[in-house]
Every structure is written in C-alpha cells, then in structure tokens.
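Here's the structure, in structure tokens; my notes come after.
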Amino acid sequence: MHHFDPSTEIQDYLVFGEYGDVNPSITDSSTYTFLNPKTMEELFAGEKEGCFLYSRHWNPTNKYLADALAKLEDTEAAIVTASGMGAISATILQICQSGDEIISSRTIYGGTYALFKNFLPKFGIKVNFVNISDFNSIEEIISDKTKIIYTESISNPLLEIADIPNLAKISSKYNLKLVVDNTFSPIFLTPKHLGADIIIHSLTKFINGTSDCVAGCVCSSKEFINQLTDINNGASMLLGPVLDSYRAASILKNLHSLHIRMKKHGENAQFLAEKLTELGIKVFYPGLKTHKGHQLLNEMINEGFGYGGMMVIDAQTKDKADELMMIMQQEKVGYLAVSLGYFKTLFSAPGHSTSSEIPEEERIQMGLTDGLVRFSIGLDNNIEKTFERIKKCLFTVGLIK
Ligand code: PLP
C-alpha cells in the first residue's frame with residue numbers, strides 16, 4: 001500500500017476566477033486577442049507559453065481541469081480531450097508512425113481493442129495482443145519497431161490487475177513508453193508512482209460520475225503534453241478532439257467529490273461481492289482475497305480508498321444473464337446500460353456489448369464468457385436493501401435456491 005493521497009492534492013488546488021469567483025468563469029470564446037502581432041508569431045513558433053490563441057489548442061477552462069487532473073495523477077502536466085477514445089487515439093498517433101508496433105494487453109475496453117485491431121493497421125501500425133501478466137512473451141515480442149506497452153490498470157471487463165512496476169521495468173529496459181488506462185481506478189491507484197509514463201482516463205466514468213457527458217484526459221510529462229498540443233505536430237491540436245469548456249467546468253466541479261464517491265463505490269462493491277460470494281455466486285472483485293490479483297493490487301494502491309466500484313458475476317449462460325439484468329432493472333437495482341462510474345448501479349453483459357468487438361474465439365481464450373454480468377456499483381446509502389433485491393432476482397432466475 002502507498003500513502004499518497006491524491007484527494008489532498010486536489011483539495012489544495014484552488015482556482016480564483018476573474019472576479020474571485022470560486023467557480024471561475026467558463027471560457028465562452030474560440031479565439032483570443034493579442035495586443036501585439038509579435039506575441040502571436042512567438043506563440044506559433046512555440047516560443048511563448050501561458051497565453052491563449054485558439055480554443056482547440058488550449059482554453060482557460062480546459063487548462064483548469066487539466067491542471068487538476070495532473071494533481072490527481074501526480075504528473076507534471078495533462079490535457080483534456082472530448083472523449084477517452086480521443087485521449088487514446090491522440091496518444092498513440094503522437095508516438096507511433098507507420099511501421100511501428102505496440103504491445104497491448106488483450107483484455108482491454110472493446111473500443112480500444114477495435115481501434116488497435118481494425119483501425120491502426122490502416123496507418124501501418126501493428127498491435128500485438130498479449131496476456132499482460134506473461135512478461136516472457138512480452139519481452140520476446142519486443143523489437144526495435146516496438147514503441148509502446150499499453151494496458152489498463154484494472155482491465156475491462158475481467159478486472160485483471162496489471163503489474164505496473166514490472167511492466168515499467170520492461171518498458172524502460174527497451175526504452176518504450178508505458179501507457180496505462182486508469183479509468184477503473186482513479187484516486188486509489190497512481191500509475192505514475194509505479195513507473196507509468198502516460199496515464200489515460202475516460203473522464204466519462206468515475207471522474208465525472210454523473211453520466212451526463214463524454215470526455216477524456218492524458219496525464220504525463222510536460223514534454224509529452226507539449227508534443228500533443230504542438231501547433232504544427234501535435235495530435236490533439238491537429239486531430240482536434242477538443243473538450244467543450246462548459247463540460248470541462250462541470251467535470252472540474254465533480255472531480256472535487258471523487259474521493260468521497262470512490263470510497264462509497266468501493267465500500268458498496270466490497271459488501272455486495274462478499275455477500276454474493278456467500279450465496280455461492282462466482283464473483284470477480286479485486287477487493288476479495290480470492291481474486292487473482294488481490295495481493296498485487298494491495299501492493300500498488302493508495303491506502304484508504306478501497307478497491308473500486310467494478311464487480312463482475314458469472315450468471316453461467318447468456319440467457320440467464322439477460323433474464324437477470326431485465327429483472328434487476330424492474331426491481332430497481334439499477335439500469336441495464338453500458339458505461340460505469342455513475343451514482344446509480346449500471347449493469348451489462350460485456351460479451352455481447354462493450355467487448356463484442358473482440359472475436360468470440362479470443363473472448364473464450366481470455367475467459368470472457370457469455371454469462372458474465374458486469375456491474376458498476378452505485379452510491380446507494382442502503383446497500384443492504386440493494387443486496388436483498390439482487391438476491392431476490394438471483395432466486396427468480398434460478399441462480400440460487
Ligand atoms: N477506457 C476504458 C477502460 C473504458 O471503459 C472506456 C469506455 O467505455 C474508454 C476507455 C473510452 O472512453 P470514452 O467512451 O470516454 O471515449
């Protein structure tokens with residue numbers, strides 16, 4: 001366990017608006033005036049920092065949010081993007097060129113998997129999918145074309161734990177960039193402290209927490225963030241995944257309650273995981289001692305924030321999973337919906353939704369079976385009541401007696 005507390009860093013992040021407003025005014029401009037054309041020239045030449053030119057490049061509200069996210073991940077700098085996918089694609093295309101290769105965990109979010117498998121080859125970028133715990137295979141695949149090791153800290157949907165310190169050792173040995181998607185574990189895991197070079201989030205999920213917008217971020221060194229935003233060569237500048245400043249402002253407000261929410265998501269998920277296990281249900285939750293990566297996660301996490309809000313159960317067959325989800329929605333356990341990190345519980349069957357981009361054969365190989373139901377556990381104050389409701393649903397579909 002680590003004693004780093006990202007919430008204290010965010011607590012100390014105070015922004016004074018133009019008029020001393022505690023929530024600074026939201027940037028309502030796409031372009032910015034210059035008093036002198038020379039200053040504008042310097043900015044284009046990359047010689048000037050700290051002033052704003054055009055909102056796709058940077059805008060004040062996005063900068064406030066980005067600076068707060070850099071505090072969260074304890075990195076030198078960050079940028080925000082219009083989606084998690086925008087953050088991932090900009091990062092990859094900044095680092096790789098035609099002929100380069102990436103080594104990626106095979107258990108990643110389906111959209112990222114589809115980007116890597118179907119889209120990047122169009123640009124001559126090849127992705128080798130691996131079991132991210134098999135360090136020997138990873139080292140065997142590395143060649144002078146390899147540029148990135150890519151993983152999710154806690155994988156979607158199987159909740160496998162990546163050994164970030166060991167992956168960092170390999171990536172620094174071969175001078176690669178270790179890119180970690182930390183969407184499932186904000187605040188309780190700080191990949192930078194474990195050796196990651198670049199940390200990505202889909203802000204859409206826990207960090208925003210209200211399922212009302214799509215957004216992303218990249219946290220890294222000042223050097224890499226400057227590369228991404230470079231006017232002439234930067235992927236975020238040139239591909240254009242700019243986050244709207246109104247959304248950036250609302251995400252920044254929500255970020256300040258992230259620590260409270262993560263503790264509650266974790267407490268509720270731990271309670272349900274233990275209770276459902278007692279009923280004889282096969283549960284995947286990293287806070288359970290029986291979880292394959294529990295020990296490893298304990299060595300990596302920041303103390304006091306729990307093990308996150310994601311939990312998976314095995315309903316055995318697709319039909320049972322479907323029936324269970326329908327009944328759970330009727331019984332007000334939560335919503336049958338993709339995504340995660342909402343204050344209400346969300347559930348979906350990953351094999352047929354968020355991970356359906358992964359071919360069936362590969363899904364079977366990685367244990368992503370048809371009967372899995374993924375939960376993003378909400379902030380219910382009366383979690384005992386939620387458990388009783390789930391129990392009733394499990395009984396109705398015949399998963400318990
Ligand atoms: N990374 C993970 C782990 C995700 O679960 C998701 C979305 O589901 C993404 C990235 C993509 O983020 P977005 O939907 O904000 O583009």
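FYI, nothing fancy with the structure tokens labels: chains A, B, ... in order, residues from 1 per chain, ligands from 1 as they appear.
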For the alpha helix (DSSP H) assignment from backbone DSSP, which residues of region 197-401 of chain A qualify? Please present them as JSON, numbers by chain.
{"A": [222, 223, 224, 225, 226, 227, 228, 229, 235, 236, 237, 238, 239, 245, 246, 247, 248, 249, 250, 251, 252, 253, 254, 255, 258, 259, 260, 261, 262, 263, 264, 265, 266, 267, 268, 269, 270, 271, 272, 273, 274, 275, 276, 277, 278, 294, 295, 296, 297, 298, 299, 300, 318, 319, 320, 321, 322, 323, 324, 325, 326, 327, 328, 329, 330, 360, 361, 362, 363, 364, 365, 383, 384, 385, 386, 387, 388, 389, 390, 391, 392, 393, 394, 395, 396]}
Apply DSSP to the backbone of this structure and, from region 173-335 of chain A, keep only the residues in strand (DSSP E or B); write these as a VMD selection string.
chain A and resid 177 to 181 198 to 202 216 to 220 283 to 284 302 310 to 314 335
Give the residues close to ligand 1, within 8 Å, counting only C-alpha atoms and all ligand atoms; write them as a PDB file with N, CA, C and O atoms, in the first residue's frame.
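Result saved to result.pdb:
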```pdb
ATOM      1  N   ALA A  82     -12.074  15.356 -25.833  1.00  0.00           N
ATOM      2  CA  ALA A  82     -13.525  15.249 -25.961  1.00  0.00           C
ATOM      3  C   ALA A  82     -14.061  13.867 -25.594  1.00  0.00           C
ATOM      4  O   ALA A  82     -15.267  13.679 -25.453  1.00  0.00           O
ATOM      5  N   SER A  83     -13.162  12.878 -25.450  1.00  0.00           N
ATOM      6  CA  SER A  83     -13.579  11.539 -25.042  1.00  0.00           C
ATOM      7  C   SER A  83     -12.343  10.763 -24.610  1.00  0.00           C
ATOM      8  O   SER A  83     -11.208  11.181 -24.889  1.00  0.00           O
ATOM      9  N   GLY A  84     -12.592   9.631 -23.952  1.00  0.00           N
ATOM     10  CA  GLY A  84     -11.475   8.747 -23.617  1.00  0.00           C
ATOM     11  C   GLY A  84     -10.804   8.244 -24.893  1.00  0.00           C
ATOM     12  O   GLY A  84      -9.570   8.181 -24.977  1.00  0.00           O
ATOM     13  N   MET A  85     -11.609   7.909 -25.892  1.00  0.00           N
ATOM     14  CA  MET A  85     -11.040   7.429 -27.159  1.00  0.00           C
ATOM     15  C   MET A  85     -10.189   8.510 -27.822  1.00  0.00           C
ATOM     16  O   MET A  85      -9.192   8.204 -28.480  1.00  0.00           O
ATOM     17  N   GLY A  86     -10.614   9.768 -27.674  1.00  0.00           N
ATOM     18  CA  GLY A  86      -9.828  10.885 -28.205  1.00  0.00           C
ATOM     19  C   GLY A  86      -8.460  10.942 -27.534  1.00  0.00           C
ATOM     20  O   GLY A  86      -7.447  11.229 -28.187  1.00  0.00           O
ATOM     21  N   ALA A  87      -8.431  10.663 -26.223  1.00  0.00           N
ATOM     22  CA  ALA A  87      -7.167  10.674 -25.477  1.00  0.00           C
ATOM     23  C   ALA A  87      -6.275   9.517 -25.940  1.00  0.00           C
ATOM     24  O   ALA A  87      -5.067   9.680 -26.139  1.00  0.00           O
ATOM     25  N   ILE A  88      -6.890   8.345 -26.129  1.00  0.00           N
ATOM     26  CA  ILE A  88      -6.124   7.155 -26.525  1.00  0.00           C
ATOM     27  C   ILE A  88      -5.580   7.324 -27.946  1.00  0.00           C
ATOM     28  O   ILE A  88      -4.385   7.130 -28.201  1.00  0.00           O
ATOM     29  N   ILE A 108      -8.719  -5.442 -22.889  1.00  0.00           N
ATOM     30  CA  ILE A 108      -8.930  -4.004 -22.798  1.00  0.00           C
ATOM     31  C   ILE A 108     -10.353  -3.680 -23.268  1.00  0.00           C
ATOM     32  O   ILE A 108     -11.016  -4.526 -23.870  1.00  0.00           O
ATOM     33  N   TYR A 109     -10.755  -2.466 -22.998  1.00  0.00           N
ATOM     34  CA  TYR A 109     -12.079  -1.995 -23.431  1.00  0.00           C
ATOM     35  C   TYR A 109     -12.253  -2.273 -24.931  1.00  0.00           C
ATOM     36  O   TYR A 109     -11.329  -2.063 -25.729  1.00  0.00           O
ATOM     37  N   GLY A 110     -13.443  -2.743 -25.318  1.00  0.00           N
ATOM     38  CA  GLY A 110     -13.698  -3.165 -26.694  1.00  0.00           C
ATOM     39  C   GLY A 110     -13.432  -2.088 -27.741  1.00  0.00           C
ATOM     40  O   GLY A 110     -12.973  -2.382 -28.846  1.00  0.00           O
ATOM     41  N   GLY A 111     -13.713  -0.839 -27.404  1.00  0.00           N
ATOM     42  CA  GLY A 111     -13.479   0.255 -28.348  1.00  0.00           C
ATOM     43  C   GLY A 111     -11.990   0.443 -28.605  1.00  0.00           C
ATOM     44  O   GLY A 111     -11.558   0.655 -29.750  1.00  0.00           O
ATOM     45  N   THR A 112     -11.196   0.348 -27.545  1.00  0.00           N
ATOM     46  CA  THR A 112      -9.738   0.461 -27.699  1.00  0.00           C
ATOM     47  C   THR A 112      -9.228  -0.719 -28.517  1.00  0.00           C
ATOM     48  O   THR A 112      -8.387  -0.568 -29.406  1.00  0.00           O
ATOM     49  N   GLU A 152      -4.570  -1.566 -19.342  1.00  0.00           N
ATOM     50  CA  GLU A 152      -5.476  -0.929 -18.388  1.00  0.00           C
ATOM     51  C   GLU A 152      -5.028  -1.385 -17.004  1.00  0.00           C
ATOM     52  O   GLU A 152      -4.651  -2.554 -16.846  1.00  0.00           O
ATOM     53  N   SER A 155      -8.432  -4.312 -15.647  1.00  0.00           N
ATOM     54  CA  SER A 155      -8.909  -4.473 -17.023  1.00  0.00           C
ATOM     55  C   SER A 155     -10.417  -4.579 -17.121  1.00  0.00           C
ATOM     56  O   SER A 155     -11.114  -5.005 -16.198  1.00  0.00           O
ATOM     57  N   ASN A 156     -10.875  -4.154 -18.260  1.00  0.00           N
ATOM     58  CA  ASN A 156     -12.278  -4.128 -18.622  1.00  0.00           C
ATOM     59  C   ASN A 156     -12.541  -5.323 -19.529  1.00  0.00           C
ATOM     60  O   ASN A 156     -11.934  -5.382 -20.590  1.00  0.00           O
ATOM     61  N   ASP A 181      -4.196   2.949 -19.019  1.00  0.00           N
ATOM     62  CA  ASP A 181      -5.560   3.472 -18.932  1.00  0.00           C
ATOM     63  C   ASP A 181      -6.042   3.210 -17.503  1.00  0.00           C
ATOM     64  O   ASP A 181      -6.218   2.058 -17.100  1.00  0.00           O
ATOM     65  N   ASN A 182      -6.226   4.283 -16.749  1.00  0.00           N
ATOM     66  CA  ASN A 182      -6.550   4.165 -15.316  1.00  0.00           C
ATOM     67  C   ASN A 182      -8.022   4.466 -15.024  1.00  0.00           C
ATOM     68  O   ASN A 182      -8.380   4.817 -13.909  1.00  0.00           O
ATOM     69  N   THR A 183      -8.865   4.291 -16.043  1.00  0.00           N
ATOM     70  CA  THR A 183     -10.291   4.648 -15.931  1.00  0.00           C
ATOM     71  C   THR A 183     -11.010   3.948 -14.770  1.00  0.00           C
ATOM     72  O   THR A 183     -11.863   4.528 -14.125  1.00  0.00           O
ATOM     73  N   PHE A 184     -10.661   2.664 -14.524  1.00  0.00           N
ATOM     74  CA  PHE A 184     -11.372   1.901 -13.486  1.00  0.00           C
ATOM     75  C   PHE A 184     -10.867   2.218 -12.076  1.00  0.00           C
ATOM     76  O   PHE A 184     -11.491   1.809 -11.105  1.00  0.00           O
ATOM     77  N   ILE A 200      -3.980   7.567 -18.943  1.00  0.00           N
ATOM     78  CA  ILE A 200      -5.165   7.996 -19.684  1.00  0.00           C
ATOM     79  C   ILE A 200      -6.412   7.712 -18.857  1.00  0.00           C
ATOM     80  O   ILE A 200      -6.454   6.728 -18.114  1.00  0.00           O
ATOM     81  N   HIS A 201      -7.392   8.595 -18.977  1.00  0.00           N
ATOM     82  CA  HIS A 201      -8.696   8.326 -18.363  1.00  0.00           C
ATOM     83  C   HIS A 201      -9.802   8.595 -19.366  1.00  0.00           C
ATOM     84  O   HIS A 201      -9.717   9.545 -20.150  1.00  0.00           O
ATOM     85  N   SER A 202     -10.848   7.788 -19.287  1.00  0.00           N
ATOM     86  CA  SER A 202     -12.131   8.221 -19.819  1.00  0.00           C
ATOM     87  C   SER A 202     -12.786   8.962 -18.649  1.00  0.00           C
ATOM     88  O   SER A 202     -13.212   8.340 -17.671  1.00  0.00           O
ATOM     89  N   LEU A 203     -12.861  10.279 -18.740  1.00  0.00           N
ATOM     90  CA  LEU A 203     -13.465  11.077 -17.660  1.00  0.00           C
ATOM     91  C   LEU A 203     -14.968  10.841 -17.583  1.00  0.00           C
ATOM     92  O   LEU A 203     -15.622  11.167 -16.589  1.00  0.00           O
ATOM     93  N   THR A 204     -15.500  10.294 -18.681  1.00  0.00           N
ATOM     94  CA  THR A 204     -16.906   9.927 -18.792  1.00  0.00           C
ATOM     95  C   THR A 204     -17.390   9.092 -17.595  1.00  0.00           C
ATOM     96  O   THR A 204     -18.575   9.084 -17.278  1.00  0.00           O
ATOM     97  N   LYS A 205     -16.455   8.375 -16.975  1.00  0.00           N
ATOM     98  CA  LYS A 205     -16.804   7.357 -15.983  1.00  0.00           C
ATOM     99  C   LYS A 205     -16.742   7.925 -14.558  1.00  0.00           C
ATOM    100  O   LYS A 205     -17.426   8.876 -14.273  1.00  0.00           O
ATOM    101  N   VAL A 214     -19.297  12.971 -22.194  1.00  0.00           N
ATOM    102  CA  VAL A 214     -18.183  12.112 -22.617  1.00  0.00           C
ATOM    103  C   VAL A 214     -16.929  12.999 -22.648  1.00  0.00           C
ATOM    104  O   VAL A 214     -16.971  14.110 -23.186  1.00  0.00           O
ATOM    105  N   ALA A 215     -15.856  12.506 -22.044  1.00  0.00           N
ATOM    106  CA  ALA A 215     -14.617  13.299 -22.003  1.00  0.00           C
ATOM    107  C   ALA A 215     -13.438  12.401 -21.653  1.00  0.00           C
ATOM    108  O   ALA A 215     -13.628  11.269 -21.180  1.00  0.00           O
ATOM    109  N   GLY A 216     -12.237  12.888 -21.875  1.00  0.00           N
ATOM    110  CA  GLY A 216     -11.043  12.101 -21.560  1.00  0.00           C
ATOM    111  C   GLY A 216      -9.873  12.979 -21.180  1.00  0.00           C
ATOM    112  O   GLY A 216      -9.969  14.219 -21.227  1.00  0.00           O
ATOM    113  N   VAL A 338     -24.633   0.375 -20.623  1.00  0.00           N
ATOM    114  CA  VAL A 338     -23.170   0.312 -20.639  1.00  0.00           C
ATOM    115  C   VAL A 338     -22.645   1.516 -19.846  1.00  0.00           C
ATOM    116  O   VAL A 338     -23.404   2.266 -19.272  1.00  0.00           O
ATOM    117  N   SER A 339     -21.356   1.657 -19.850  1.00  0.00           N
ATOM    118  CA  SER A 339     -20.650   2.709 -19.119  1.00  0.00           C
ATOM    119  C   SER A 339     -20.587   2.391 -17.625  1.00  0.00           C
ATOM    120  O   SER A 339     -21.078   1.336 -17.175  1.00  0.00           O
ATOM    121  N   LEU A 340     -19.966   3.284 -16.893  1.00  0.00           N
ATOM    122  CA  LEU A 340     -19.674   2.999 -15.488  1.00  0.00           C
ATOM    123  C   LEU A 340     -19.373   4.291 -14.735  1.00  0.00           C
ATOM    124  O   LEU A 340     -19.227   5.352 -15.336  1.00  0.00           O
ATOM    125  N   THR A 354     -20.009  -4.205 -24.593  1.00  0.00           N
ATOM    126  CA  THR A 354     -18.782  -3.392 -24.623  1.00  0.00           C
ATOM    127  C   THR A 354     -17.560  -4.161 -25.102  1.00  0.00           C
ATOM    128  O   THR A 354     -16.574  -3.558 -25.484  1.00  0.00           O
TER     129      THR A 354
END
```
Any chance you could tabulate, as a Markdown table, the residues of region 214-260 of chain A at most 8 Å from region 71-76 of chain A with each one's nearest atom pair and distance in Å to one decimal, using only C-alpha atoms, in chain and rising number order?
```
| residue | atom | partner | partner_atom | distance |
| --- | --- | --- | --- | --- |
| A:Cys219 | CA | A:Thr75 | CA | 6.1 |
| A:Ser220 | CA | A:Thr75 | CA | 5.4 |
| A:Ser221 | CA | A:Glu76 | CA | 5.0 |
| A:Lys222 | CA | A:Glu76 | CA | 5.5 |
```
How close does each residue of region 8-105 of chain A get to region 140-147 of chain A, giving the shortest atom pair and distance in Å to one decimal for every residue with an atom at most 12 Å away, counting only C-alpha atoms, sorted by chain and residue number, as a Markdown table?
```
| residue | atom | partner | partner_atom | distance |
| --- | --- | --- | --- | --- |
| A:Thr91 | CA | A:Lys147 | CA | 11.7 |
| A:Ile92 | CA | A:Lys147 | CA | 9.4 |
| A:Leu93 | CA | A:Lys147 | CA | 11.1 |
| A:Gln94 | CA | A:Lys147 | CA | 11.0 |
| A:Ile95 | CA | A:Lys147 | CA | 7.3 |
| A:Cys96 | CA | A:Lys147 | CA | 6.8 |
| A:Gln97 | CA | A:Lys147 | CA | 9.5 |
| A:Ser98 | CA | A:Lys145 | CA | 9.8 |
| A:Gly99 | CA | A:Lys145 | CA | 6.9 |
| A:Asp100 | CA | A:Lys145 | CA | 4.8 |
| A:Glu101 | CA | A:Thr146 | CA | 4.5 |
| A:Ile102 | CA | A:Thr146 | CA | 5.6 |
| A:Ile103 | CA | A:Thr146 | CA | 7.3 |
| A:Ser104 | CA | A:Thr146 | CA | 10.8 |
```
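Going from CA of Ile198 (chain A) over to CA of Val179 (chain A), you cover 4.7 Å.
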Find the residue from A:Ile125, A:Leu297, A:Leu69, A:Ile281 that sits nearest to Ile187 (chain A); use only C-alpha atoms when measuring.
A:Leu69
